[in-house]
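S.K.: Below are the structure tokens for one structure; questions will follow.
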Amino acid sequence: MPEGPSVRKFHHLVSPFVGQQVVKTGGSSKKLNPTSFQSLWLQDSQVHGKKLFLRFDPDEEAVSLGNSPLSEPLREGEQKDKARHHQEASDPSSWSPGGDSAVPSGDDGLQCLWGDTPAGGAERWLQVSFGLFGSIRVNEFSRAKKANKRGDWRDPVPRLVLHFSGSGFLAFYNCQMTWRFSSPVVSPASDILSEKFHRGQALEALGREQPICYTLLDQRYFSGLGNIIKNEALFRAGIHPLSPGSLLGLPRLEALVDHVVAFSADWLQGKFQGTRQHTQIYQKEQCPAGHQVVRESLGPPGGFQRLTWWCPQCQPRLSADEPKQLQPS
């Protein structure tokens, strides 16, 4: 799925439409009826980690007549989402198998506040979570870059299309959209691209006994960090992905956090400049030093396994029998 820098770019693309009214809708979404966005006003947009939040307000005239789409009852899918978030809030173990050692699927420093269906002019936020090839297009539709398995050149179908009063439109692809009935309460301390990113909190999390690559994908401490950033930061820090964090000294952990922040910031800058981010290890067969790269799916037991690339020579694995490393290699 798109990582923090990509979602920040999506937020940048959406921002010019804030303050405009939806005048026409389309899309293939079955969970959210695209026509329910008709006449709504996009009033605000926020980004946190890998999630985008869009606030829509009803048209004042529609509210006065009792025809606001925001007063419609929850659909079955929305009711299930609401119930699921209530369960996650009351039972943290439901995030994913493995408890604290696993990567949670629902908590990313974001407090999910769900309430009853809003009446009239109550604010309502659309939470957008992007899939593997998720994206937002402005004033254009995505085109097929290659034929599918059946040999057909079919253009991707947008999940949602919103045409605005300013004549432009937004097309959302491969994403999951859910309504939330109060403002998103975010913790910028966990967002790797936020100026308020809490390095101390991140370092404490990295110092656990579990493999360092598991912790890096924990969105509670590294919101917005995905598989590309994980692989690149570990390689640049010279750390084997399965090395327990507890065996790495503070200087090495600090260097790792530095690489996470620097790579993410450079990637974001490249997004705005239209340049492609250079990777050194991700999806490579050899590292920059010419060593053979190993590729393997790694993840917590019973949890999601992610393809991981590393160089055994540049990133030697640490074991419990070795003394804690105090200095970067």
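Starting from 1 in every chain, residues are counted up; chains themselves are A, B, ... following the order of the structure tokens, and ligands are numbered from 1 as listed.
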Excluding same-chain residues fewer than 4 positions from A:Gly290, what lies within 10 Å of it counting only C-alpha atoms, as number ranges by chain?

M.R.: A: 285-286, 311

S.K.: So, with only C-alpha atoms as the atoms that count, which of A:Lys24, A:His278, A:Lys51, A:His163 lies closest to A:Ile228?

M.R.: A:His278

S.K.: So which residues touch stretch 4-12 of chain A within 8 Å, counting only C-alpha atoms, skipping near sequence neighbours fewer than 5 positions away, as a list of chain:residue names?

M.R.: A:Ser45, A:Gln46, A:Val47, A:His48, A:Gly49, A:Lys50, A:Lys51, A:Leu52, A:Ser135, A:Ile136, A:Ile192, A:Leu193, A:Ser223, A:Gly224, A:Leu225, A:Gly226, A:Ser264, A:Ala265, A:Trp267, A:Leu268, A:Lys271, A:Phe272

S.K.: By how many Å are atom CA of A:Arg208 and atom CA of A:Pro244 apart?

M.R.: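 Atom-to-atom, atom CA of A:Arg208 and atom CA of A:Pro244 are spaced 7.0 Å apart.
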
S.K.: Using only C-alpha atoms, pick whichever of A:Gln127, A:Phe222, A:Val138, A:Ala202 has the shortest atom-to-atom distance to A:Ser15.

M.R.: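 With only C-alpha atoms as the atom set, the closest residue is A:Val138.
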
S.K.: Going by DSSP on the backbone, which bits of stretch 178-270 of chain A are strand (DSSP E or B)? Write them as a ChimeraX atom specification, please.

M.R.: /A:178-180,185-186,191,211,223,244,248

S.K.: May I have the residues from that selection written out with all heavy atoms, as a PDB file, in the first residue's frame?

M.R.:
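Result went into out-v8.pdb, see below:
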ATOM      1  N   THR A 178     -14.474   4.676   4.685  1.00  0.00           N
ATOM      2  CA  THR A 178     -15.444   4.513   5.767  1.00  0.00           C
ATOM      3  C   THR A 178     -15.732   5.884   6.368  1.00  0.00           C
ATOM      4  O   THR A 178     -14.859   6.760   6.411  1.00  0.00           O
ATOM      5  CB  THR A 178     -14.925   3.575   6.872  1.00  0.00           C
ATOM      6  OG1 THR A 178     -13.635   4.029   7.313  1.00  0.00           O
ATOM      7  CG2 THR A 178     -14.806   2.150   6.379  1.00  0.00           C
ATOM      8  N   TRP A 179     -16.954   6.059   6.848  1.00  0.00           N
ATOM      9  CA  TRP A 179     -17.331   7.303   7.513  1.00  0.00           C
ATOM     10  C   TRP A 179     -16.961   7.245   8.993  1.00  0.00           C
ATOM     11  O   TRP A 179     -17.037   6.191   9.618  1.00  0.00           O
ATOM     12  CB  TRP A 179     -18.836   7.535   7.402  1.00  0.00           C
ATOM     13  CG  TRP A 179     -19.324   7.968   6.067  1.00  0.00           C
ATOM     14  CD1 TRP A 179     -20.128   7.271   5.213  1.00  0.00           C
ATOM     15  CD2 TRP A 179     -19.040   9.211   5.405  1.00  0.00           C
ATOM     16  NE1 TRP A 179     -20.367   7.988   4.072  1.00  0.00           N
ATOM     17  CE2 TRP A 179     -19.707   9.193   4.155  1.00  0.00           C
ATOM     18  CE3 TRP A 179     -18.284  10.337   5.748  1.00  0.00           C
ATOM     19  CZ2 TRP A 179     -19.650  10.248   3.259  1.00  0.00           C
ATOM     20  CZ3 TRP A 179     -18.221  11.391   4.850  1.00  0.00           C
ATOM     21  CH2 TRP A 179     -18.901  11.339   3.629  1.00  0.00           C
ATOM     22  N   ARG A 180     -16.576   8.368   9.536  1.00  0.00           N
ATOM     23  CA  ARG A 180     -16.368   8.514  10.979  1.00  0.00           C
ATOM     24  C   ARG A 180     -17.117   9.768  11.395  1.00  0.00           C
ATOM     25  O   ARG A 180     -17.177  10.749  10.641  1.00  0.00           O
ATOM     26  CB  ARG A 180     -14.879   8.593  11.322  1.00  0.00           C
ATOM     27  CG  ARG A 180     -14.080   9.550  10.503  1.00  0.00           C
ATOM     28  CD  ARG A 180     -12.583   9.424  10.730  1.00  0.00           C
ATOM     29  NE  ARG A 180     -12.245   9.527  12.121  1.00  0.00           N
ATOM     30  CZ  ARG A 180     -11.568   8.588  12.794  1.00  0.00           C
ATOM     31  NH1 ARG A 180     -11.160   7.504  12.182  1.00  0.00           N
ATOM     32  NH2 ARG A 180     -11.270   8.740  14.064  1.00  0.00           N
ATOM     33  N   VAL A 185      -8.817  12.259  15.880  1.00  0.00           N
ATOM     34  CA  VAL A 185      -7.885  12.711  16.908  1.00  0.00           C
ATOM     35  C   VAL A 185      -6.569  11.987  16.669  1.00  0.00           C
ATOM     36  O   VAL A 185      -6.448  10.797  16.949  1.00  0.00           O
ATOM     37  CB  VAL A 185      -8.425  12.416  18.325  1.00  0.00           C
ATOM     38  CG1 VAL A 185      -7.433  12.906  19.373  1.00  0.00           C
ATOM     39  CG2 VAL A 185      -9.781  13.076  18.515  1.00  0.00           C
ATOM     40  N   VAL A 186      -5.603  12.675  16.112  1.00  0.00           N
ATOM     41  CA  VAL A 186      -4.354  12.041  15.717  1.00  0.00           C
ATOM     42  C   VAL A 186      -3.244  12.358  16.704  1.00  0.00           C
ATOM     43  O   VAL A 186      -3.285  13.345  17.425  1.00  0.00           O
ATOM     44  CB  VAL A 186      -3.924  12.488  14.307  1.00  0.00           C
ATOM     45  CG1 VAL A 186      -4.996  12.145  13.292  1.00  0.00           C
ATOM     46  CG2 VAL A 186      -3.628  13.984  14.276  1.00  0.00           C
ATOM     47  N   ASP A 191       3.871   9.932  13.778  1.00  0.00           N
ATOM     48  CA  ASP A 191       3.941  10.129  12.330  1.00  0.00           C
ATOM     49  C   ASP A 191       5.371  10.462  11.923  1.00  0.00           C
ATOM     50  O   ASP A 191       5.918  11.499  12.319  1.00  0.00           O
ATOM     51  CB  ASP A 191       2.999  11.261  11.916  1.00  0.00           C
ATOM     52  CG  ASP A 191       2.780  11.321  10.419  1.00  0.00           C
ATOM     53  OD1 ASP A 191       3.735  11.027   9.668  1.00  0.00           O
ATOM     54  OD2 ASP A 191       1.668  11.655   9.993  1.00  0.00           O
ATOM     55  N   PRO A 211      12.408  -9.044  16.697  1.00  0.00           N
ATOM     56  CA  PRO A 211      13.151  -8.608  15.516  1.00  0.00           C
ATOM     57  C   PRO A 211      12.833  -7.157  15.155  1.00  0.00           C
ATOM     58  O   PRO A 211      11.674  -6.735  15.172  1.00  0.00           O
ATOM     59  CB  PRO A 211      12.691  -9.575  14.427  1.00  0.00           C
ATOM     60  CG  PRO A 211      12.362 -10.828  15.178  1.00  0.00           C
ATOM     61  CD  PRO A 211      11.746 -10.352  16.471  1.00  0.00           C
ATOM     62  N   SER A 223       4.006   5.567  12.274  1.00  0.00           N
ATOM     63  CA  SER A 223       2.876   5.712  11.373  1.00  0.00           C
ATOM     64  C   SER A 223       3.341   6.290  10.039  1.00  0.00           C
ATOM     65  O   SER A 223       4.017   7.315   9.983  1.00  0.00           O
ATOM     66  CB  SER A 223       1.834   6.647  12.002  1.00  0.00           C
ATOM     67  OG  SER A 223       0.697   6.748  11.192  1.00  0.00           O
ATOM     68  N   PRO A 244      17.357  -8.747  17.041  1.00  0.00           N
ATOM     69  CA  PRO A 244      16.512  -8.226  18.120  1.00  0.00           C
ATOM     70  C   PRO A 244      16.940  -6.809  18.490  1.00  0.00           C
ATOM     71  O   PRO A 244      18.127  -6.515  18.619  1.00  0.00           O
ATOM     72  CB  PRO A 244      16.765  -9.203  19.271  1.00  0.00           C
ATOM     73  CG  PRO A 244      17.316 -10.439  18.617  1.00  0.00           C
ATOM     74  CD  PRO A 244      18.098  -9.950  17.432  1.00  0.00           C
ATOM     75  N   LEU A 248      20.828  -4.180  20.044  1.00  0.00           N
ATOM     76  CA  LEU A 248      21.423  -3.037  19.369  1.00  0.00           C
ATOM     77  C   LEU A 248      21.582  -1.884  20.352  1.00  0.00           C
ATOM     78  O   LEU A 248      20.622  -1.521  21.036  1.00  0.00           O
ATOM     79  CB  LEU A 248      20.543  -2.597  18.191  1.00  0.00           C
ATOM     80  CG  LEU A 248      20.345  -3.646  17.093  1.00  0.00           C
ATOM     81  CD1 LEU A 248      19.221  -3.216  16.158  1.00  0.00           C
ATOM     82  CD2 LEU A 248      21.639  -3.843  16.314  1.00  0.00           C
TER      83      LEU A 248
END

S.K.: Within 6 Å of A:Pro34, counting only C-alpha atoms, which residues qualify if same-chain residues fewer than 3 places away don't, as an MDAnalysis selection string?

M.R.: chainID A and resid 25:26 37

S.K.: Step one, run DSSP on the backbone; step two, keep only residues of stretch 123-298 of chain A assigned to helix (DSSP H, G or I); then write them as a ChimeraX atom specification.

M.R.: /A:188-190,199-206,212-216,227-237,245-247,250-273

S.K.: Residues near A:Val23, anyone? I mean within 9 Å using only C-alpha atoms, not counting same-chain ones fewer than 4 positions away, as a list in words.

M.R.: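 Result of the neighbour search: Phe37, Gln38, Ser39, Leu40, Leu162, His163, Phe164 and Ser165 of chain A.
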
S.K.: Interatomic distance between atom CA of A:Phe56 and atom CA of A:Leu42?

M.R.: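 Distance between the two atoms: 4.6 Å.
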
S.K.: Quick one: residues within 10 Å of A:Leu160, only C-alpha atoms counted, chain neighbours fewer than 3 positions away excluded, as a short mmCIF file (atom, residue, chain, number, x, y, z; two decimals) with N, CA, C and O atoms, in the first residue's frame?

M.R.:
data_model
loop_
_atom_site.label_atom_id
_atom_site.label_comp_id
_atom_site.auth_asym_id
_atom_site.auth_seq_id
_atom_site.Cartn_x
_atom_site.Cartn_y
_atom_site.Cartn_z
N THR A 25 -21.15 12.94 -9.26
CA THR A 25 -20.43 11.82 -8.66
C THR A 25 -20.43 10.61 -9.58
O THR A 25 -21.22 10.52 -10.53
N GLY A 26 -19.52 9.68 -9.29
CA GLY A 26 -19.46 8.43 -10.02
C GLY A 26 -18.55 7.47 -9.28
O GLY A 26 -18.04 7.78 -8.20
N GLY A 27 -18.34 6.29 -9.85
CA GLY A 27 -17.47 5.32 -9.21
C GLY A 27 -18.14 3.98 -9.00
O GLY A 27 -19.36 3.85 -9.12
N SER A 28 -17.31 2.99 -8.66
CA SER A 28 -17.79 1.61 -8.53
C SER A 28 -18.06 1.19 -7.10
O SER A 28 -18.40 0.03 -6.86
N SER A 29 -17.89 2.10 -6.13
CA SER A 29 -18.05 1.72 -4.73
C SER A 29 -19.45 1.20 -4.45
O SER A 29 -20.45 1.82 -4.82
N LYS A 30 -19.50 0.02 -3.80
CA LYS A 30 -20.77 -0.54 -3.39
C LYS A 30 -21.03 -0.33 -1.90
O LYS A 30 -22.17 -0.34 -1.45
N LEU A 32 -20.09 2.48 -0.15
CA LEU A 32 -20.57 3.85 -0.02
C LEU A 32 -21.19 4.26 -1.35
O LEU A 32 -20.52 4.22 -2.38
N ASN A 33 -22.42 4.65 -1.34
CA ASN A 33 -23.10 5.04 -2.56
C ASN A 33 -22.52 6.37 -3.05
O ASN A 33 -22.63 7.39 -2.37
N PRO A 34 -21.89 6.39 -4.23
CA PRO A 34 -21.29 7.64 -4.72
C PRO A 34 -22.27 8.80 -4.78
O PRO A 34 -21.89 9.96 -4.56
N THR A 35 -23.57 8.51 -5.05
CA THR A 35 -24.54 9.60 -5.16
C THR A 35 -24.80 10.28 -3.82
O THR A 35 -25.33 11.39 -3.79
N PHE A 37 -22.69 11.61 -2.05
CA PHE A 37 -21.80 12.77 -1.93
C PHE A 37 -22.34 13.98 -2.69
O PHE A 37 -21.77 15.07 -2.57
N ILE A 136 -4.82 8.66 -5.99
CA ILE A 136 -5.79 9.70 -6.29
C ILE A 136 -5.31 10.42 -7.55
O ILE A 136 -4.15 10.80 -7.64
N VAL A 157 -10.83 0.89 -12.84
CA VAL A 157 -12.11 1.55 -12.56
C VAL A 157 -12.00 2.28 -11.22
O VAL A 157 -11.64 1.68 -10.21
N LEU A 170 -11.81 14.69 -8.69
CA LEU A 170 -10.90 13.76 -8.02
C LEU A 170 -11.37 12.34 -8.31
O LEU A 170 -12.56 12.04 -8.22
N ALA A 171 -10.42 11.45 -8.63
CA ALA A 171 -10.72 10.04 -8.86
C ALA A 171 -9.92 9.20 -7.86
O ALA A 171 -8.70 9.31 -7.82
N PHE A 172 -10.62 8.40 -7.06
CA PHE A 172 -9.99 7.57 -6.04
C PHE A 172 -9.92 6.12 -6.53
O PHE A 172 -10.93 5.55 -6.94
N TYR A 173 -8.73 5.52 -6.44
CA TYR A 173 -8.53 4.16 -6.92
C TYR A 173 -8.06 3.23 -5.80
O TYR A 173 -7.24 3.63 -4.94
N ASN A 174 -8.56 1.99 -5.85
CA ASN A 174 -8.11 0.92 -4.96
C ASN A 174 -7.95 1.41 -3.52
O ASN A 174 -6.85 1.42 -2.96
N CYS A 175 -9.05 1.78 -2.92
CA CYS A 175 -9.00 2.28 -1.54
C CYS A 175 -10.25 1.82 -0.79
O CYS A 175 -11.27 1.49 -1.39
N MET A 177 -13.00 3.06 1.97
CA MET A 177 -13.53 4.31 2.50
C MET A 177 -14.59 4.02 3.56
O MET A 177 -15.49 3.20 3.33
#
